[in-house]
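For reference, the structure discussed in these notes is given below.
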Amino acid sequence: MSKPRIFTGFERFWHWMQAVLIFGLLLTGLEMHGVYRLFGFGAAFSAHVVLAVTLIVLWAFAIFWHLTTGEWRQYVPREAGLLRMAGYYGYGIFSGEPKPFAKTAAAKHNPLQRLAYFVFKAAIAPALWITGLLMLFYDAWRDSALGGVLPLYGLAGVHVAATFAMLVFIVAHVYIAATTGSPWYAYLKSMVTGYQEGRE
Amino acid sequence: MPLKRLHRITLALPLAALLASAASAQVVDEPASEQESRLQSTADHTQFEVLEGPFEDATEVTEACLSCHTEAAKQVHRSIHWTWRYEQPETGQTLGKRNIVNSLCFGIAGNYPRCSSCHVGYGWEDADFDFSAENRVDCLVCHDTTGTYQKFPTAAGHPPYEDRRFQGRLFEAPDLAAVAQHVGRTSRETCGSCHFEGGGGDAVKHGDLDSSLIDPPRELDVHMSPQGKDFTCSTCHEFSGHIQAGSRYRIETDAEGHNPHERPACRSCHGEAPHEGGVHDKLNEHSEAIACQTCHIPEIARGGLKTKTRWDWSTAGRLDEQGEPVVREEDGRVVYHGMKGSFEWAEDYAPSYRWFNGNMRYTLLEDRIDPEGVVPINRPEGGPDEPGAKIWPFKIMEGRQPYDRVRQTLLVPKLFGPGDAAYWGNYDWDKALAAGMEAAQRLGQTDADYSGEHGFVESRMYWPVTHMVAPAEGALGCGACHSDGGRMAGLPGIYVPGEDRHPWVEAVGWAAVGLSLAGVAVHGGIRLVLWRRRRAQEESPS
């Protein structure tokens, strides 16, 4: 029996490209924030801008793809099953129980994933790119009415706060997606091959 | 070596003139380079009878100059180099060296013949100087090309008429006729003869103007270096009718709050967007709030000469057993002098940065001070929300200087000159201050007498840093400001990424990241332990 296909080529390209860009943005962004010194502020800033613009273009394509394919429905959060998933990660997973929801092409995400990805896409990512673009083009609006009500310090604060939210998301996402399959690396492999791997 | 070069020119020019007059008008038998330098001007001043001398007094040279350049003295009379007076149109203050007090030797009141050795005139010895006298204008101090003309430090603007010594240094009397016959354009040397020596010596006052600019390497000054653009001072400080462009009392800004297009503003040549835009245009955008000088003059006093950063007059007056002032030197610079007090020096150090809208406000002799605080001798006006205000680099000169305890104003002592009142005569502050304030009254600086009670107050003076522009590769990098404790630290009205922080966001953020990592580690650890136990049970024979 052939393994069912879960992720299309575009989805896998989108996912891994996004991962690379986000790690690059974190690396350069945290340097600009003064957490460490690696490339120098100027180089980090230029790289950050290039990575960010690339990511925004990628997102534009992804949004178009999700709208035209109807795949956007996969990210609409539902209340049903949330508690079961939370219960699974809090208890069942330790005794080796199977996941409450199987991964299929029609339902790629469990209810907790839906919620997490929705928060990522609807709150964290927009907070980053909206504040980022505003800061990049600060000179275009600083003398307008917007400049009077939107201090650069506040914008940067939102950008930094969203970065921390992103970091928390990444920690949880990498842990769950890369280690909780069956066998433990099954989801990671799926994201590479596109096919369902291991037992569900 | 600039001096050697000058001497060569001195010798070569009369020789060329001799050859030229001996030969017929058409025959040119002089080296091309000498012809070139002679043809810089439409007039060969060696050919004028009126300049043959001999001149007993420098004012006679001026009279000779004015016999052709009939309007020159009237032009000079209108310039700040002559009037030492400047009406600041924005603050309404009357400034100029005739009116301000500084934290070095305080001001001209009572100290005429010393201070006026840098006046573009002859004989300003007291308040009665005739500012309308045309023959009192000193043409040579700006137009000498021989390098032999200089004003004697205590002769009210006159050159030495016989060889004289001042503080151990020999000042040779110039051959006035030879100098007069070799006048020409101003140069780094001529401007520098006063402007590099401000505050009583090379590099003392400004921090960005000293003799290292006579022949600066490219790294020191990309514009003035012979390996760079070889500019003279007047290339940027353009003169029109003997009036120069540029003033530290008021740096002009236009109605939109930008620096003007006229010289000496950087953008008069470099335009509004001098940086190449790459993936972003942030460097050009910085110029909205940051003066060019802020990044392009990375340090003060980069030419190898230390500038004075503190002058504490309160310690002055220590004399040795012979009654001579005690002098102590460190690293070749005087750090204590019985005549003047204690000094601090620095070179190649980061400027201080302040918002500046181009207007300098001075604390004048009439202004009340707060003796508990640090008295701003002058201060740059402007803040982050003001049009035209930008962040500028400054040399801050700290001081400790006399003030009137009763009237709570600054005081000017008479330091120099004959009579028993001068501080450098008998080291009596009260006498010197009474005489200084009397002289200040005659100058119109104040109506007040010295109350008789003085103290010393901490002072601070701001000197805009705008010379010694490094080549692009020597400008400050981003990290100079965009880093923890960067150069803009503490300046109001700006957010500097990498330097300014959001402490609460960061505390909560790092805590959340830390908790997530800990949670994942514990969760994963428990899973691992349980999984191993299960596997062990599965493998063990039942």
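Following the order of the structure tokens, first chain is A, next is B, and so on, with residues numbered from 1 inside each chain and ligands from 1 in the order they appear.
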All residues 12 Å or closer to Glu134 of chain B, only C-alpha atoms, same chain fewer than 3 positions away omitted, as a ChimeraX atom specification: /B:59-67,69-78,82,120-122,130-131,137-139
Interface residues on chain A facing chain B, 8 Å, only C-alpha atoms, written as a tab-separated table (two decimals) with N, CA and C atoms, in the first residue's frame:
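Written output follows (iface-v4.tsv):
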chain	number	residue	atom	x	y	z
A	31	GLU	N	21.00	40.23	16.69
A	31	GLU	CA	22.27	40.97	16.69
A	31	GLU	C	22.00	42.48	16.71
A	32	MET	N	21.08	42.93	15.87
A	32	MET	CA	20.76	44.36	15.86
A	32	MET	C	20.25	44.81	17.21
A	33	HIS	N	19.56	43.89	17.88
A	33	HIS	CA	19.03	44.24	19.20
A	33	HIS	C	20.13	44.25	20.25
A	34	GLY	N	21.31	43.78	19.87
A	34	GLY	CA	22.44	43.87	20.79
A	34	GLY	C	22.64	42.63	21.65
A	40	GLY	N	28.20	42.56	12.56
A	40	GLY	CA	28.23	44.02	12.64
A	40	GLY	C	26.85	44.56	12.33
A	41	PHE	N	26.51	45.69	12.96
A	41	PHE	CA	25.15	46.18	12.86
A	41	PHE	C	24.72	46.45	11.41
A	42	GLY	N	25.61	47.10	10.65
A	42	GLY	CA	25.25	47.50	9.29
A	42	GLY	C	24.93	46.29	8.42
A	46	SER	N	21.28	45.19	6.80
A	46	SER	CA	21.03	44.98	5.37
A	46	SER	C	20.49	43.57	5.12
A	49	VAL	N	16.89	43.22	6.18
A	49	VAL	CA	15.95	43.81	5.22
A	49	VAL	C	15.74	42.86	4.04
A	50	VAL	N	16.83	42.32	3.52
A	50	VAL	CA	16.71	41.41	2.37
A	50	VAL	C	15.89	40.18	2.74
A	93	ILE	N	0.66	11.09	25.97
A	93	ILE	CA	1.91	10.93	25.23
A	93	ILE	C	2.94	10.15	26.03
A	94	PHE	N	2.88	10.30	27.38
A	94	PHE	CA	3.88	9.64	28.22
A	94	PHE	C	3.69	8.12	28.23
A	95	SER	N	2.44	7.70	28.09
A	95	SER	CA	2.21	6.24	28.14
A	95	SER	C	2.19	5.63	26.75
A	96	GLY	N	2.59	6.44	25.73
A	96	GLY	CA	2.69	5.88	24.38
A	96	GLY	C	1.36	5.73	23.68
A	136	LEU	N	11.07	50.39	8.58
A	136	LEU	CA	11.93	50.51	7.40
A	136	LEU	C	11.61	51.79	6.64
A	139	ASP	N	10.96	57.13	7.49
A	139	ASP	CA	11.17	58.47	6.95
A	139	ASP	C	9.99	58.95	6.11
A	152	LEU	N	8.54	55.69	17.42
A	152	LEU	CA	9.42	54.63	16.95
A	152	LEU	C	9.70	53.62	18.07
A	153	TYR	N	9.84	54.17	19.28
A	153	TYR	CA	10.14	53.31	20.42
A	153	TYR	C	9.04	52.27	20.63
A	157	GLY	N	9.09	48.27	20.19
A	157	GLY	CA	8.68	47.43	21.31
A	157	GLY	C	7.76	46.30	20.85
A	160	VAL	N	9.82	43.77	18.96
A	160	VAL	CA	10.62	42.94	19.86
A	160	VAL	C	9.72	41.93	20.59
A	161	ALA	N	8.55	42.40	21.05
A	161	ALA	CA	7.63	41.51	21.76
A	161	ALA	C	7.19	40.37	20.83
A	164	PHE	N	9.77	37.72	20.54
A	164	PHE	CA	9.78	36.76	21.64
A	164	PHE	C	8.65	35.73	21.47
A	165	ALA	N	7.48	36.20	21.02
A	165	ALA	CA	6.37	35.27	20.77
A	165	ALA	C	6.78	34.25	19.71
A	167	LEU	N	9.84	33.28	19.06
A	167	LEU	CA	10.81	32.36	19.66
A	167	LEU	C	10.09	31.26	20.44
A	168	VAL	N	9.08	31.66	21.22
A	168	VAL	CA	8.31	30.68	22.00
A	168	VAL	C	7.62	29.70	21.05
A	171	VAL	N	10.19	27.22	19.66
A	171	VAL	CA	10.61	26.21	20.64
A	171	VAL	C	9.55	25.09	20.71
A	172	ALA	N	8.30	25.51	20.86
A	172	ALA	CA	7.23	24.52	21.00
A	172	ALA	C	7.03	23.75	19.70
A	175	TYR	N	9.86	21.28	18.92
A	175	TYR	CA	9.80	20.13	19.83
A	175	TYR	C	8.68	19.18	19.43
DSSP on the backbone, then: every residue of segment 296-406 of chain B marked strand (DSSP E), written as a PyMOL selection string. chain B and resi 307-312+327-330+333-337+341-346+352-356+360-362+375-376+378-380+390-404
Nearby residues (only C-alpha atoms) at most 8 Å from Asn110 of chain A, same-chain spacing under 4 positions excluded, as a VMD selection string: chain A and resid 85 101 to 103 114
Can you check which residues of segment 113-189 of chain A DSSP gives as helix (DSSP H, G or I) on the backbone and send them as an MDAnalysis selection string? chainID A and resid 113:136 138:141 145:149 152:179 186:189
Report, in Å to a single decimal, how far apart atom CA of Cys295 of chain B and atom CA of His195 of chain B are. 23.7 Å
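For segment 165-181 of chain B, the list of residues within 8 Å, based on only C-alpha atoms and with local chain neighbours fewer than 3 positions off taken out, reads B:His45, B:Thr46, B:Gln47, B:Phe48, B:Leu51, B:Glu52, B:Gly53, B:Pro54, B:Phe55, B:Ala58, B:Val61, B:Leu140, B:Asp144, B:Thr145, B:Thr146, B:Thr148, B:Tyr149, B:Gln150, B:Phe152, B:Pro153, B:Pro159, B:Pro160, B:Tyr161, B:Glu162.
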Could you check which of A:Gln196, A:Thr104, A:Ser144, A:Gln74 is closest to Ala116 of chain A, using only C-alpha atoms? A:Gln74
Would you pick out the contacts of Arg368 of chain B at 9 Å or less, using only C-alpha atoms, so that residues sharing its chain but fewer than 4 positions from it are not included, and give the list as a PyMOL selection string? chain B and resi 363-364+407-410
Serialized selection, all heavy atoms, as a PDB file, in the first residue's frame:
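The resulting file, result_5.pdb, is reproduced below:
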ATOM      1  N   THR B 363      25.953  82.846  27.850  1.00  0.00           N
ATOM      2  CA  THR B 363      25.760  83.493  29.140  1.00  0.00           C
ATOM      3  C   THR B 363      26.674  84.712  29.146  1.00  0.00           C
ATOM      4  O   THR B 363      27.903  84.580  29.152  1.00  0.00           O
ATOM      5  CB  THR B 363      26.125  82.544  30.287  1.00  0.00           C
ATOM      6  OG1 THR B 363      25.281  81.390  30.198  1.00  0.00           O
ATOM      7  CG2 THR B 363      25.908  83.206  31.632  1.00  0.00           C
ATOM      8  N   LEU B 364      26.065  85.883  29.094  1.00  0.00           N
ATOM      9  CA  LEU B 364      26.831  87.122  29.004  1.00  0.00           C
ATOM     10  C   LEU B 364      27.010  87.710  30.405  1.00  0.00           C
ATOM     11  O   LEU B 364      26.418  87.218  31.384  1.00  0.00           O
ATOM     12  CB  LEU B 364      26.126  88.102  28.056  1.00  0.00           C
ATOM     13  CG  LEU B 364      25.964  87.553  26.624  1.00  0.00           C
ATOM     14  CD1 LEU B 364      25.102  88.477  25.777  1.00  0.00           C
ATOM     15  CD2 LEU B 364      27.316  87.327  25.967  1.00  0.00           C
ATOM     16  N   ARG B 407      26.276  89.412  43.013  1.00  0.00           N
ATOM     17  CA  ARG B 407      25.401  89.658  41.860  1.00  0.00           C
ATOM     18  C   ARG B 407      25.065  88.368  41.107  1.00  0.00           C
ATOM     19  O   ARG B 407      24.161  88.353  40.272  1.00  0.00           O
ATOM     20  CB  ARG B 407      26.059  90.655  40.912  1.00  0.00           C
ATOM     21  CG  ARG B 407      26.165  92.063  41.527  1.00  0.00           C
ATOM     22  CD  ARG B 407      26.798  93.051  40.556  1.00  0.00           C
ATOM     23  NE  ARG B 407      26.148  92.965  39.251  1.00  0.00           N
ATOM     24  CZ  ARG B 407      26.716  92.468  38.158  1.00  0.00           C
ATOM     25  NH1 ARG B 407      27.950  92.022  38.196  1.00  0.00           N
ATOM     26  NH2 ARG B 407      26.052  92.429  37.034  1.00  0.00           N
ATOM     27  N   GLN B 408      25.769  87.315  41.396  1.00  0.00           N
ATOM     28  CA  GLN B 408      25.537  86.030  40.729  1.00  0.00           C
ATOM     29  C   GLN B 408      25.635  86.155  39.214  1.00  0.00           C
ATOM     30  O   GLN B 408      24.704  85.819  38.469  1.00  0.00           O
ATOM     31  CB  GLN B 408      24.168  85.458  41.135  1.00  0.00           C
ATOM     32  CG  GLN B 408      23.976  85.432  42.630  1.00  0.00           C
ATOM     33  CD  GLN B 408      23.584  84.077  43.150  1.00  0.00           C
ATOM     34  OE1 GLN B 408      22.751  83.407  42.573  1.00  0.00           O
ATOM     35  NE2 GLN B 408      24.215  83.654  44.218  1.00  0.00           N
ATOM     36  N   THR B 409      26.750  86.671  38.790  1.00  0.00           N
ATOM     37  CA  THR B 409      27.051  86.735  37.354  1.00  0.00           C
ATOM     38  C   THR B 409      28.495  86.291  37.170  1.00  0.00           C
ATOM     39  O   THR B 409      29.276  86.242  38.125  1.00  0.00           O
ATOM     40  CB  THR B 409      26.940  88.173  36.810  1.00  0.00           C
ATOM     41  OG1 THR B 409      27.870  88.997  37.523  1.00  0.00           O
ATOM     42  CG2 THR B 409      25.540  88.741  36.962  1.00  0.00           C
ATOM     43  N   LEU B 410      28.824  86.005  35.914  1.00  0.00           N
ATOM     44  CA  LEU B 410      30.217  85.707  35.602  1.00  0.00           C
ATOM     45  C   LEU B 410      31.039  86.987  35.735  1.00  0.00           C
ATOM     46  O   LEU B 410      30.489  88.092  35.687  1.00  0.00           O
ATOM     47  CB  LEU B 410      30.336  85.164  34.174  1.00  0.00           C
ATOM     48  CG  LEU B 410      29.755  83.770  33.955  1.00  0.00           C
ATOM     49  CD1 LEU B 410      29.750  83.444  32.462  1.00  0.00           C
ATOM     50  CD2 LEU B 410      30.539  82.709  34.724  1.00  0.00           C
TER      51      LEU B 410
END
Excluding segment 426-428 of chain B and its own-chain neighbours fewer than 6 positions away, which residues fall within 8 Å of it when counting only C-alpha atoms? Please give them as number ranges by chain. B: 317, 339, 420
Would you output that residue set with N, CA, C and O atoms, as a PDB file, in the first residue's frame?
ATOM      1  N   GLY B 317      47.837  80.765  40.847  1.00  0.00           N
ATOM      2  CA  GLY B 317      48.452  81.647  41.831  1.00  0.00           C
ATOM      3  C   GLY B 317      49.587  81.036  42.632  1.00  0.00           C
ATOM      4  O   GLY B 317      50.169  81.689  43.482  1.00  0.00           O
ATOM      5  N   MET B 339      50.184  80.899  36.646  1.00  0.00           N
ATOM      6  CA  MET B 339      49.453  82.038  36.093  1.00  0.00           C
ATOM      7  C   MET B 339      48.004  81.688  35.763  1.00  0.00           C
ATOM      8  O   MET B 339      47.150  82.563  35.740  1.00  0.00           O
ATOM      9  N   ASP B 420      49.183  97.638  38.437  1.00  0.00           N
ATOM     10  CA  ASP B 420      49.268  96.589  39.452  1.00  0.00           C
ATOM     11  C   ASP B 420      47.980  95.775  39.543  1.00  0.00           C
ATOM     12  O   ASP B 420      47.859  94.881  40.350  1.00  0.00           O
TER      13      ASP B 420
END
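Residues surrounding segment 7-21 of chain A within 7 Å are Arg5, Phe23, Gly24, Leu25, Leu51, Leu55, Met191, Val192, Gly194 and Tyr195 of chain A [only C-alpha atoms; sequence separation below 2 positions excluded].
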Mind writing the picked residues with N, CA, C and O atoms as a PDB file, in the first residue's frame?
ATOM      1  N   ARG A   5      -0.214  10.921   0.462  1.00  0.00           N
ATOM      2  CA  ARG A   5       0.528  12.180   0.349  1.00  0.00           C
ATOM      3  C   ARG A   5      -0.171  13.239   1.200  1.00  0.00           C
ATOM      4  O   ARG A   5      -1.372  13.477   1.077  1.00  0.00           O
ATOM      5  N   PHE A  23      14.814  31.897  10.628  1.00  0.00           N
ATOM      6  CA  PHE A  23      16.033  31.745  11.423  1.00  0.00           C
ATOM      7  C   PHE A  23      17.053  32.832  11.066  1.00  0.00           C
ATOM      8  O   PHE A  23      17.735  33.375  11.938  1.00  0.00           O
ATOM      9  N   GLY A  24      17.133  33.177   9.791  1.00  0.00           N
ATOM     10  CA  GLY A  24      18.037  34.256   9.378  1.00  0.00           C
ATOM     11  C   GLY A  24      17.625  35.586   9.984  1.00  0.00           C
ATOM     12  O   GLY A  24      18.459  36.375  10.439  1.00  0.00           O
ATOM     13  N   LEU A  25      16.310  35.816   9.996  1.00  0.00           N
ATOM     14  CA  LEU A  25      15.807  37.072  10.576  1.00  0.00           C
ATOM     15  C   LEU A  25      16.074  37.130  12.071  1.00  0.00           C
ATOM     16  O   LEU A  25      16.441  38.180  12.604  1.00  0.00           O
ATOM     17  N   LEU A  51      16.196  39.592   3.900  1.00  0.00           N
ATOM     18  CA  LEU A  51      15.465  38.402   4.356  1.00  0.00           C
ATOM     19  C   LEU A  51      13.986  38.728   4.554  1.00  0.00           C
ATOM     20  O   LEU A  51      13.103  37.947   4.170  1.00  0.00           O
ATOM     21  N   LEU A  55      10.806  37.156   2.654  1.00  0.00           N
ATOM     22  CA  LEU A  55       9.762  36.441   3.396  1.00  0.00           C
ATOM     23  C   LEU A  55       8.379  37.016   3.083  1.00  0.00           C
ATOM     24  O   LEU A  55       7.406  36.269   2.926  1.00  0.00           O
ATOM     25  N   MET A 191       7.454  16.190   6.399  1.00  0.00           N
ATOM     26  CA  MET A 191       7.597  17.555   5.908  1.00  0.00           C
ATOM     27  C   MET A 191       8.662  17.626   4.818  1.00  0.00           C
ATOM     28  O   MET A 191       8.686  18.536   4.013  1.00  0.00           O
ATOM     29  N   VAL A 192       9.556  16.587   4.812  1.00  0.00           N
ATOM     30  CA  VAL A 192      10.580  16.543   3.770  1.00  0.00           C
ATOM     31  C   VAL A 192      10.059  15.795   2.548  1.00  0.00           C
ATOM     32  O   VAL A 192      10.145  16.282   1.423  1.00  0.00           O
ATOM     33  N   GLY A 194       6.836  14.707   1.994  1.00  0.00           N
ATOM     34  CA  GLY A 194       5.468  15.044   1.599  1.00  0.00           C
ATOM     35  C   GLY A 194       4.500  13.923   1.900  1.00  0.00           C
ATOM     36  O   GLY A 194       3.292  14.142   1.898  1.00  0.00           O
ATOM     37  N   TYR A 195       5.004  12.679   2.160  1.00  0.00           N
ATOM     38  CA  TYR A 195       4.133  11.540   2.411  1.00  0.00           C
ATOM     39  C   TYR A 195       4.004  11.251   3.890  1.00  0.00           C
ATOM     40  O   TYR A 195       4.871  11.617   4.675  1.00  0.00           O
TER      41      TYR A 195
END
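Atom CA of His296 of chain B to atom CA of Gly485 of chain B spans 19.6 Å [interatomic distance, one decimal].
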